[in-house]
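*Asks:* Enclosed is the structure file work.txt (compact mmCIF, C-alpha atoms).
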```txt
# COMPACT_ATOMS: atom_id res chain seq x y z
CA MET A 1 -22.59 148.10 103.99
CA SER A 2 -19.05 147.19 105.10
CA SER A 3 -18.92 144.24 102.67
CA GLU A 4 -19.95 146.54 99.84
CA LEU A 5 -17.35 149.14 100.76
CA SER A 6 -14.59 146.54 101.01
CA ALA A 7 -14.59 146.41 97.22
CA LEU A 8 -13.03 149.87 97.31
CA VAL A 9 -9.87 148.66 99.09
CA PRO A 10 -7.97 147.40 96.01
CA VAL A 11 -8.95 150.58 94.16
CA LEU A 12 -8.02 153.02 96.94
CA PHE A 13 -4.68 151.30 97.44
CA GLY A 14 -4.02 150.21 93.87
CA HIS A 15 -0.79 152.20 93.78
CA ALA A 16 0.42 150.35 96.90
CA ALA A 17 -0.55 146.97 95.45
CA PHE A 18 1.69 147.59 92.45
CA GLN A 19 4.55 148.62 94.73
CA GLN A 20 4.31 145.27 96.54
CA LEU A 21 4.62 143.46 93.21
CA ASN A 22 7.43 145.75 92.10
CA ALA A 23 9.34 145.29 95.36
CA GLY A 24 9.04 141.51 95.14
CA CYS A 25 10.53 141.67 91.64
CA GLU A 26 13.29 144.19 92.42
CA LEU A 27 14.41 142.54 95.64
CA GLY A 28 14.42 139.02 94.22
CA LEU A 29 11.70 137.61 96.48
CA PHE A 30 9.80 135.68 93.83
CA GLU A 31 12.91 134.18 92.25
CA LEU A 32 14.14 133.09 95.69
CA LEU A 33 10.85 131.39 96.55
CA ASP A 34 10.67 129.74 93.15
CA SER A 35 14.08 128.13 93.60
CA ASP A 36 14.10 127.44 97.36
CA GLY A 37 10.62 127.92 98.83
CA PRO A 38 8.84 127.42 101.11
CA LEU A 39 11.15 129.48 103.33
CA PRO A 40 10.63 130.99 106.80
CA ALA A 41 10.64 134.77 107.05
CA GLY A 42 14.01 134.79 108.80
CA THR A 43 15.69 132.97 105.93
CA VAL A 44 14.04 135.30 103.41
CA ALA A 45 15.34 138.31 105.34
CA GLU A 46 18.88 136.95 105.53
CA THR A 47 19.02 135.90 101.88
CA LEU A 48 17.62 139.17 100.54
CA GLY A 49 19.71 141.29 102.88
CA LEU A 50 16.69 142.92 104.51
CA SER A 51 15.87 143.64 108.14
CA ARG A 52 13.23 141.43 109.70
CA ARG A 53 10.89 144.44 109.89
CA SER A 54 11.23 145.13 106.17
CA THR A 55 10.78 141.45 105.35
CA ASP A 56 7.62 141.17 107.45
CA ILE A 57 6.15 144.26 105.74
CA LEU A 58 6.97 142.88 102.29
CA LEU A 59 5.61 139.40 103.00
CA LEU A 60 2.43 140.80 104.54
CA GLY A 61 1.81 142.79 101.35
CA THR A 62 2.60 140.04 98.88
CA THR A 63 0.67 137.42 100.85
CA ALA A 64 -2.44 139.59 101.28
CA LEU A 65 -2.40 140.10 97.52
CA GLY A 66 -2.02 136.38 96.80
CA LEU A 67 1.41 136.87 95.25
CA THR A 68 2.89 134.70 98.00
CA GLU A 69 1.27 132.28 100.46
CA VAL A 70 2.05 130.54 103.74
CA ALA A 71 2.91 126.86 103.43
CA GLY A 72 4.74 124.39 105.66
CA GLY A 73 5.75 127.01 108.19
CA GLY A 74 7.23 129.26 105.53
CA TYR A 75 6.40 131.23 102.41
CA ARG A 76 6.14 130.17 98.79
CA ASN A 77 4.94 131.89 95.63
CA GLY A 78 1.18 132.23 95.26
CA ALA A 79 -0.70 130.67 92.36
CA PRO A 80 -0.39 133.59 89.86
CA VAL A 81 3.35 134.01 90.35
CA ALA A 82 3.95 130.25 90.44
CA ALA A 83 2.13 129.97 87.09
CA VAL A 84 4.38 132.64 85.59
CA PHE A 85 7.48 130.62 86.49
CA ARG A 86 5.88 127.33 85.46
CA HIS A 87 5.14 128.65 81.96
CA GLY A 88 8.58 130.22 81.55
CA LEU A 89 7.22 133.77 81.58
CA TRP A 90 9.19 135.19 84.49
CA PRO A 91 11.53 137.34 82.32
CA VAL A 92 8.44 138.67 80.51
CA LEU A 93 6.63 139.67 83.71
CA ARG A 94 9.78 141.18 85.18
CA ASP A 95 10.27 143.41 82.11
CA ILE A 96 6.62 144.50 82.18
CA VAL A 97 6.78 145.42 85.87
CA GLN A 98 9.98 147.40 85.34
CA TYR A 99 8.38 149.14 82.35
CA GLN A 100 5.35 150.09 84.44
CA ASP A 101 7.58 151.32 87.27
CA ARG A 102 10.02 153.45 85.28
CA ILE A 103 7.86 154.65 82.37
CA ALA A 104 4.14 154.51 83.13
CA TYR A 105 3.80 154.89 86.89
CA LEU A 106 4.69 158.53 87.64
CA PRO A 107 2.94 159.98 84.55
CA ALA A 108 -0.26 158.27 85.71
CA THR A 109 -0.52 160.94 88.43
CA ASP A 110 -1.38 163.36 85.59
CA TYR A 111 -4.44 161.35 84.56
CA VAL A 112 -7.00 163.88 85.85
CA GLU A 113 -5.26 166.78 84.12
CA SER A 114 -4.96 164.74 80.92
CA LEU A 115 -8.73 164.15 80.99
CA ARG A 116 -9.41 167.83 81.64
CA THR A 117 -7.17 169.14 78.88
CA GLY A 118 -7.32 166.32 76.35
CA GLU A 119 -3.51 166.36 76.28
CA ASN A 120 -0.95 163.67 77.19
CA VAL A 121 0.19 165.69 80.21
CA GLY A 122 2.33 162.88 81.62
CA ILE A 123 4.88 163.54 78.88
CA ARG A 124 6.25 166.32 81.12
CA HIS A 125 8.16 163.71 83.14
CA PHE A 126 10.49 163.05 80.20
CA PRO A 127 12.93 165.71 78.94
CA GLY A 128 12.26 167.32 75.57
CA THR A 129 9.89 169.60 73.71
CA THR A 130 8.17 167.16 71.35
CA ARG A 131 4.62 166.08 72.19
CA ASP A 132 5.05 162.31 71.92
CA LEU A 133 6.65 159.78 74.24
CA TYR A 134 8.66 157.95 71.60
CA SER A 135 10.85 160.87 70.54
CA ARG A 136 11.58 161.75 74.19
CA LEU A 137 12.69 158.33 75.36
CA ALA A 138 16.09 158.59 73.72
CA ALA A 139 16.96 161.57 75.94
CA VAL A 140 17.09 159.36 79.04
CA PRO A 141 19.92 156.77 79.03
CA GLY A 142 18.60 153.23 78.93
CA LEU A 143 14.92 154.22 78.77
CA GLU A 144 14.38 153.57 75.07
CA GLU A 145 15.90 150.11 75.51
CA LEU A 146 13.58 149.47 78.47
CA PHE A 147 10.60 150.69 76.43
CA TYR A 148 11.29 148.19 73.67
CA ARG A 149 11.86 145.41 76.19
CA GLY A 150 8.46 146.22 77.68
CA MET A 151 6.78 146.24 74.27
CA HIS A 152 8.57 143.00 73.42
CA ALA A 153 7.21 141.44 76.61
CA TRP A 154 3.64 142.52 75.94
CA SER A 155 3.90 141.12 72.42
CA GLN A 156 5.14 137.78 73.72
CA LEU A 157 2.07 137.54 75.94
CA SER A 158 -0.46 138.61 73.35
CA ASN A 159 0.72 137.60 69.88
CA PRO A 160 -0.40 133.93 69.80
CA VAL A 161 -3.74 135.19 68.41
CA LEU A 162 -1.85 137.02 65.66
CA LEU A 163 0.36 134.06 64.77
CA ALA A 164 -2.70 131.83 64.40
CA GLN A 165 -4.37 134.05 61.77
CA HIS A 166 -5.33 132.03 58.69
CA ASP A 167 -4.56 135.05 56.49
CA LEU A 168 -0.89 134.81 57.44
CA ALA A 169 -0.71 131.15 56.49
CA ARG A 170 -1.76 132.16 52.95
CA ALA A 171 0.37 135.32 52.71
CA ARG A 172 3.67 135.63 50.85
CA ARG A 173 4.93 139.04 51.97
CA VAL A 174 3.82 141.05 55.01
CA LEU A 175 4.43 144.77 55.50
CA ASP A 176 4.70 145.41 59.25
CA VAL A 177 3.85 149.13 59.55
CA GLY A 178 5.37 150.74 62.64
CA GLY A 179 6.98 147.39 63.44
CA GLY A 180 9.37 148.86 66.02
CA ASP A 181 11.88 146.34 67.33
CA ALA A 182 10.66 143.63 64.87
CA VAL A 183 9.48 141.29 67.63
CA ASN A 184 6.25 140.52 65.76
CA ALA A 185 8.02 140.29 62.40
CA VAL A 186 10.44 137.72 63.78
CA ALA A 187 7.62 135.76 65.42
CA LEU A 188 5.69 135.71 62.14
CA ALA A 189 8.71 134.55 60.17
CA ARG A 190 9.38 131.75 62.63
CA ALA A 191 5.73 130.63 62.64
CA HIS A 192 5.45 130.68 58.83
CA PRO A 193 8.71 129.49 57.20
CA SER A 194 7.74 130.63 53.68
CA LEU A 195 6.78 134.15 54.76
CA ARG A 196 8.84 137.28 54.07
CA VAL A 197 8.34 140.39 56.23
CA THR A 198 9.25 144.05 55.76
CA VAL A 199 9.41 146.21 58.90
CA LEU A 200 8.56 149.83 58.11
CA ASP A 201 9.34 152.42 60.79
CA ARG A 202 11.41 155.49 61.61
CA PRO A 203 15.20 155.04 61.36
CA GLY A 204 15.77 155.13 65.14
CA ALA A 205 13.38 152.25 65.74
CA LEU A 206 14.91 150.21 62.93
CA GLU A 207 18.30 150.22 64.64
CA VAL A 208 16.73 148.03 67.33
CA ALA A 209 14.83 146.03 64.71
CA ARG A 210 17.97 145.11 62.76
CA LYS A 211 19.59 143.83 65.95
CA THR A 212 16.49 141.70 66.73
CA ILE A 213 16.47 140.30 63.20
CA ALA A 214 20.19 139.50 63.26
CA GLU A 215 19.97 137.76 66.63
CA ALA A 216 17.17 135.60 65.21
CA GLY A 217 19.23 134.77 62.12
CA LEU A 218 16.42 135.93 59.82
CA GLU A 219 18.15 138.59 57.70
CA ASP A 220 17.24 136.57 54.58
CA ARG A 221 13.48 136.81 55.24
CA VAL A 222 12.95 139.92 57.39
CA GLU A 223 14.07 143.28 56.04
CA THR A 224 13.64 146.90 57.13
CA CYS A 225 12.37 150.01 55.36
CA PRO A 226 12.94 153.45 56.92
CA ALA A 227 9.91 155.68 56.41
CA ASP A 228 7.37 157.98 58.01
CA ILE A 229 4.24 155.84 58.26
CA PHE A 230 2.01 158.84 57.42
CA ALA A 231 4.04 160.88 54.94
CA ASP A 232 5.98 158.31 52.90
CA PRO A 233 4.57 155.82 50.37
CA TYR A 234 4.50 152.18 51.41
CA PRO A 235 6.68 149.80 49.37
CA PRO A 236 4.71 147.69 46.86
CA GLY A 237 4.65 143.95 46.45
CA HIS A 238 2.97 142.92 49.71
CA ASP A 239 -0.20 140.87 49.98
CA CYS A 240 -0.70 141.59 53.70
CA VAL A 241 -0.30 144.80 55.72
CA LEU A 242 -0.02 144.52 59.49
CA PHE A 243 -0.66 147.26 62.05
CA ALA A 244 0.49 145.79 65.38
CA HIS A 245 -0.10 147.96 68.46
CA GLN A 246 -0.38 150.98 66.17
CA LEU A 247 -4.00 152.13 65.96
CA VAL A 248 -4.20 152.61 69.75
CA ILE A 249 -1.69 155.45 69.33
CA TRP A 250 -3.46 157.64 66.78
CA SER A 251 -6.73 159.54 66.36
CA PRO A 252 -9.64 158.02 64.39
CA GLU A 253 -8.83 160.33 61.46
CA GLN A 254 -5.18 159.27 61.47
CA ASN A 255 -6.15 155.60 61.70
CA LEU A 256 -8.43 155.94 58.69
CA ALA A 257 -5.58 157.62 56.79
CA LEU A 258 -3.22 154.74 57.63
CA LEU A 259 -5.74 152.14 56.53
CA ARG A 260 -6.27 153.96 53.22
CA LYS A 261 -2.51 153.93 52.64
CA ALA A 262 -2.53 150.20 53.34
CA TYR A 263 -5.39 149.74 50.87
CA ASP A 264 -3.45 151.58 48.15
CA ALA A 265 -0.28 149.58 48.80
CA LEU A 266 -1.90 146.16 48.83
CA GLU A 267 -2.21 143.83 45.89
CA PRO A 268 -5.80 142.93 44.87
CA GLU A 269 -7.24 140.34 47.27
CA GLY A 270 -4.58 141.38 49.80
CA ARG A 271 -5.42 141.52 53.49
CA VAL A 272 -4.98 144.08 56.26
CA LEU A 273 -4.58 142.95 59.88
CA VAL A 274 -5.02 145.26 62.89
CA PHE A 275 -3.59 143.69 66.04
CA ASN A 276 -3.88 145.32 69.46
CA ALA A 277 -6.03 145.44 72.58
CA PHE A 278 -9.71 146.35 72.20
CA THR A 279 -12.50 147.47 74.49
CA ASP A 280 -15.96 145.93 74.47
CA ASP A 281 -18.41 147.44 72.01
CA ASP A 282 -20.75 148.46 74.86
CA ARG A 283 -17.87 150.23 76.68
CA THR A 284 -18.32 148.22 79.90
CA GLY A 285 -14.88 146.58 79.92
CA PRO A 286 -12.71 144.63 80.06
CA LEU A 287 -10.91 145.78 83.20
CA TYR A 288 -7.48 145.32 81.61
CA ALA A 289 -8.30 147.78 78.82
CA ALA A 290 -9.96 150.24 81.18
CA LEU A 291 -6.88 150.43 83.40
CA ASP A 292 -4.38 150.38 80.54
CA ASN A 293 -6.12 153.42 79.09
CA VAL A 294 -4.59 155.53 81.89
CA TYR A 295 -1.23 154.99 80.17
CA PHE A 296 -2.61 155.80 76.73
CA THR A 297 -4.32 158.95 78.04
CA THR A 298 -1.29 160.36 79.84
CA LEU A 299 1.69 159.40 77.66
CA PRO A 300 2.03 158.32 73.99
CA PHE A 301 0.19 161.03 71.97
CA ARG A 302 -2.70 163.34 72.76
CA HIS A 303 -5.23 161.14 70.89
CA SER A 304 -4.04 157.72 72.09
CA THR A 305 -6.66 155.33 73.46
CA ILE A 306 -7.81 151.71 73.31
CA TYR A 307 -10.69 151.66 70.83
CA ARG A 308 -13.73 149.43 70.51
CA TRP A 309 -13.74 146.51 68.12
CA ALA A 310 -16.61 148.19 66.25
CA ASP A 311 -14.60 151.40 65.76
CA CYS A 312 -11.80 149.54 64.02
CA GLU A 313 -14.20 147.55 61.87
CA GLN A 314 -15.88 150.77 60.76
CA TRP A 315 -12.54 152.32 59.73
CA LEU A 316 -11.71 149.29 57.61
CA ARG A 317 -15.03 149.53 55.77
CA GLN A 318 -14.57 153.27 55.25
CA ALA A 319 -11.13 152.60 53.78
CA GLY A 320 -12.71 150.23 51.23
CA PHE A 321 -11.99 146.83 52.76
CA THR A 322 -14.54 144.03 52.60
CA ASP A 323 -14.97 140.73 54.48
CA VAL A 324 -14.22 142.61 57.71
CA GLY A 325 -14.07 140.35 60.76
CA ARG A 326 -12.62 139.99 64.24
CA THR A 327 -10.68 137.31 66.12
CA ALA A 328 -10.40 137.59 69.91
CA ALA A 329 -7.64 136.05 71.99
CA SER A 330 -8.46 133.34 74.49
CA GLY A 331 -5.89 134.52 77.03
CA TRP A 332 -6.11 137.01 79.88
CA THR A 333 -5.28 140.08 77.77
CA PRO A 334 -8.01 141.67 75.57
CA HIS A 335 -5.97 141.49 72.38
CA GLY A 336 -7.29 140.45 69.04
CA VAL A 337 -7.19 140.97 65.30
CA VAL A 338 -9.55 142.87 63.02
CA SER A 339 -9.02 141.90 59.38
CA GLY A 340 -10.26 142.98 55.98
CA ARG A 341 -9.71 142.23 52.28
CA ARG A 342 -8.98 144.55 49.40
CA PRO A 343 -11.39 143.54 46.62
CA ALA A 344 -10.00 142.41 43.28
```
Any chance you could put this one into structure tokens?
*Replies:*
Amino acid sequence: MSSELSALVPVLFGHAAFQQLNAGCELGLFELLDSDGPLPAGTVAETLGLSRRSTDILLLGTTALGLTEVAGGGYRNGAPVAAVFRHGLWPVLRDIVQYQDRIAYLPATDYVESLRTGENVGIRHFPGTTRDLYSRLAAVPGLEELFYRGMHAWSQLSNPVLLAQHDLARARRVLDVGGGDAVNAVALARAHPSLRVTVLDRPGALEVARKTIAEAGLEDRVETCPADIFADPYPPGHDCVLFAHQLVIWSPEQNLALLRKAYDALEPEGRVLVFNAFTDDDRTGPLYAALDNVYFTTLPFRHSTIYRWADCEQWLRQAGFTDVGRTAASGWTPHGVVSGRRPA
């Protein structure tokens, strides 16, 4: 029985496991070991400015989790962290961990109450009276910037499956609905040199988007359009409409309404692409989506959730799209694209 019960350990102490990862990031442990490891505990303590007791506690936690490992009489980064540095993803992981720590972590304690009430109760941790996370972020200095850095990081990890879509290779103009900081719009423009992209979002989000576009030097091919994605008409002249990380925010009824607006805005034979994480059709996983749903349940909007592939495909058909299909990512995140065509 003890071997069966041991599977509960990472669940019972999941909050503590994250704190070991967060501490290693905040204190500079992983960067130190990447540049100078393996290092004995005493050298780690001296370099990080920690007591030997604190260092031993930290290294015990990170080593038990496989984030660090013992080698040559000292400590070095474990395989997962070493792979992050090897692939140049350390800034991405660091931003995601900071995002989880400062935005998602405390509201997760309201998960039970959110399930009971059907409301995003975790929003109470951010000042304001509105019922969505996005409008409250601006009230806390630096938090909106951190939010967009976190979203940017997630997009960097997951958007290779989007960039590889054959529909984009054939498209002329893409309307990126709710495109936020324009990270996906810029990635699309870089991957497809003949493509033009319009980022449609609320004015506050587009301030960040214009900075992203300017830094990329793509003002000639990526433009912005301030609008309410539900209330305002979509600009014409696009043969592809993209919803990136959008349909996980809204209710099924709202998602169907958005897809119908996309249908009306598209040229005949135009395509719609829905890009975000999905859960398995049989609702058994994957683990990533199951755990990430704690965030969606407690924070963004009261209806936010990660939907099944089949749910999204059904909405596209209801909106009038044909040739509906799915493309799953091959990486460790459960992201993918559901696409459809507006008939001629």
*Asks:* Which of these residues is nearest to Tyr295 (chain A), using all atoms listed in the file: A:Glu145, A:Asp56, A:Asp228, A:Asp110?
*Replies:* A:Asp110
*Asks:* Taking only C-alpha atoms into account, which of A:Val177, A:Val197, A:Ala289, A:Leu93 comes nearest Trp154 (chain A)?
*Replies:* A:Leu93
*Asks:* Would you kindly return, as a list in words, each protein, DNA or RNA residue with an atom no farther than 10 Å from any atom of Ala17 (chain A), considering only C-alpha atoms and excluding same-chain residues fewer than 3 positions away?
*Replies:*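 Listing them by chain and then by number gives Pro10, Val11, Leu12, Phe13, Gly14, Gln20, Leu21, Asn22, Gly61, Thr62, Ala64 and Leu65 of chain A.
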*Asks:* Could you work out how far CA of Ala244 (chain A) lies from CA of His125 (chain A), giving the answer in Å with one decimal?
*Replies:* 26.4 Å
*Asks:* For CA of Asp34 (chain A) and CA of Ser51 (chain A), quote the distance in Å rounded to one decimal.
*Replies:*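 A separation of 21.1 Å between them.
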*Asks:* Set the distance at 7 Å and use all atoms listed in the file: which residues neighbour Leu67 (chain A) once local chain neighbours fewer than 5 positions away are removed? I'd like the list as a list in words.
*Replies:*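 Counting all atoms listed in the file, the residues come to Thr62, Asn77, Gly78, Pro80 and Val81 of chain A.
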*Asks:* Measuring atom to atom with only C-alpha atoms, identify which of A:Arg341, A:Arg86, A:Arg170, A:His303 is nearest to His192 (chain A).
*Replies:*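 Checking each candidate against His192 (chain A), we get A:Arg170 as the closest.
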*Asks:* Could you work out how far CA of Gly28 (chain A) lies from CA of Val44 (chain A), giving the answer in Å with one decimal?
*Replies:*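 Separation between CA of Val44 (chain A) and CA of Gly28 (chain A): 9.9 Å.
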*Asks:* Skip His335 (chain A) itself and residues of its chain fewer than 5 positions away, then list as a list in words all residues within 10 Å of it, counting only C-alpha atoms.
*Replies:* Ser155, Leu157, Ser158, Asn159, Pro160, Val161, Leu162, His245, Phe275, Asn276, Ala277, Phe278, Thr279, Ala289, Thr327, Ala328, Ala329 and Ser330 of chain A
*Asks:* Restricting the calculation to all atoms listed in the file: of A:Leu299, A:Met151, A:Leu29, A:Leu168, which residue gets closest to Thr43 (chain A)?
*Replies:* A:Leu29
*Asks:* Which is closer to Val222 (chain A) than all the others in A:Ser54, A:Gln254, A:Asn184, A:Gln246, using only C-alpha atoms?
*Replies:*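 Among the listed residues, the smallest separation from Val222 (chain A) belongs to A:Asn184.
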*Asks:* Counting only C-alpha atoms, which residue out of A:Thr297, A:Gln165, A:Thr129, A:Thr198 sits closest to Gly325 (chain A)?
*Replies:*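 That would be A:Gln165, the residue with the smallest distance to Gly325 (chain A).
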*Asks:* Do you know which residues lie at most 6 Å from (-8.9, 152.5, 52.2), with coordinates as in the file and all atoms listed in the file counted, and could you write them as a compact mmCIF listing (two decimals) with C-alpha atoms, in the coordinates of the input?
*Replies:*
```
# COMPACT_ATOMS: atom_id res chain seq x y z
CA LEU A 259 -5.74 152.14 56.53
CA ARG A 260 -6.27 153.96 53.22
CA TYR A 263 -5.39 149.74 50.87
CA ALA A 319 -11.13 152.60 53.78
CA GLY A 320 -12.71 150.23 51.23
```
*Asks:* Neighbours of Glu253 (chain A) within 12 Å (all atoms listed in the file; same-chain residues fewer than 3 positions away dropped), as a PyMOL selection string?
*Replies:* chain A and resi 230+247+249-250+256-260+303-304+311-312+314-315+318-319
*Asks:* If we count all atoms listed in the file, what is near Leu206 (chain A) at a cut-off of 10 Å, once residues fewer than 5 positions away on the same chain are taken out, given as a ChimeraX atom specification?
*Replies:* /A:178-182,199-201,211-212,223-227
*Asks:* Anything within 10 Å of (-10.0, 152.7, 78.3): list those residues as a ChimeraX atom specification, counting all atoms listed in the file and sticking to the file's coordinates.
*Replies:* /A:278-280,283-297,304-308
*Asks:* Just write the chosen residues, C-alpha atoms, as a PDB file, keeping the file's coordinate frame.
*Replies:*
```
ATOM      1  CA  PHE A 278      -9.710 146.350  72.200  1.00  0.00           C
ATOM      2  CA  THR A 279     -12.500 147.470  74.490  1.00  0.00           C
ATOM      3  CA  ASP A 280     -15.960 145.930  74.470  1.00  0.00           C
ATOM      4  CA  ARG A 283     -17.870 150.230  76.680  1.00  0.00           C
ATOM      5  CA  THR A 284     -18.320 148.220  79.900  1.00  0.00           C
ATOM      6  CA  GLY A 285     -14.880 146.580  79.920  1.00  0.00           C
ATOM      7  CA  PRO A 286     -12.710 144.630  80.060  1.00  0.00           C
ATOM      8  CA  LEU A 287     -10.910 145.780  83.200  1.00  0.00           C
ATOM      9  CA  TYR A 288      -7.480 145.320  81.610  1.00  0.00           C
ATOM     10  CA  ALA A 289      -8.300 147.780  78.820  1.00  0.00           C
ATOM     11  CA  ALA A 290      -9.960 150.240  81.180  1.00  0.00           C
ATOM     12  CA  LEU A 291      -6.880 150.430  83.400  1.00  0.00           C
ATOM     13  CA  ASP A 292      -4.380 150.380  80.540  1.00  0.00           C
ATOM     14  CA  ASN A 293      -6.120 153.420  79.090  1.00  0.00           C
ATOM     15  CA  VAL A 294      -4.590 155.530  81.890  1.00  0.00           C
ATOM     16  CA  TYR A 295      -1.230 154.990  80.170  1.00  0.00           C
ATOM     17  CA  PHE A 296      -2.610 155.800  76.730  1.00  0.00           C
ATOM     18  CA  THR A 297      -4.320 158.950  78.040  1.00  0.00           C
ATOM     19  CA  SER A 304      -4.040 157.720  72.090  1.00  0.00           C
ATOM     20  CA  THR A 305      -6.660 155.330  73.460  1.00  0.00           C
ATOM     21  CA  ILE A 306      -7.810 151.710  73.310  1.00  0.00           C
ATOM     22  CA  TYR A 307     -10.690 151.660  70.830  1.00  0.00           C
ATOM     23  CA  ARG A 308     -13.730 149.430  70.510  1.00  0.00           C
TER      24      ARG A 308
END
```
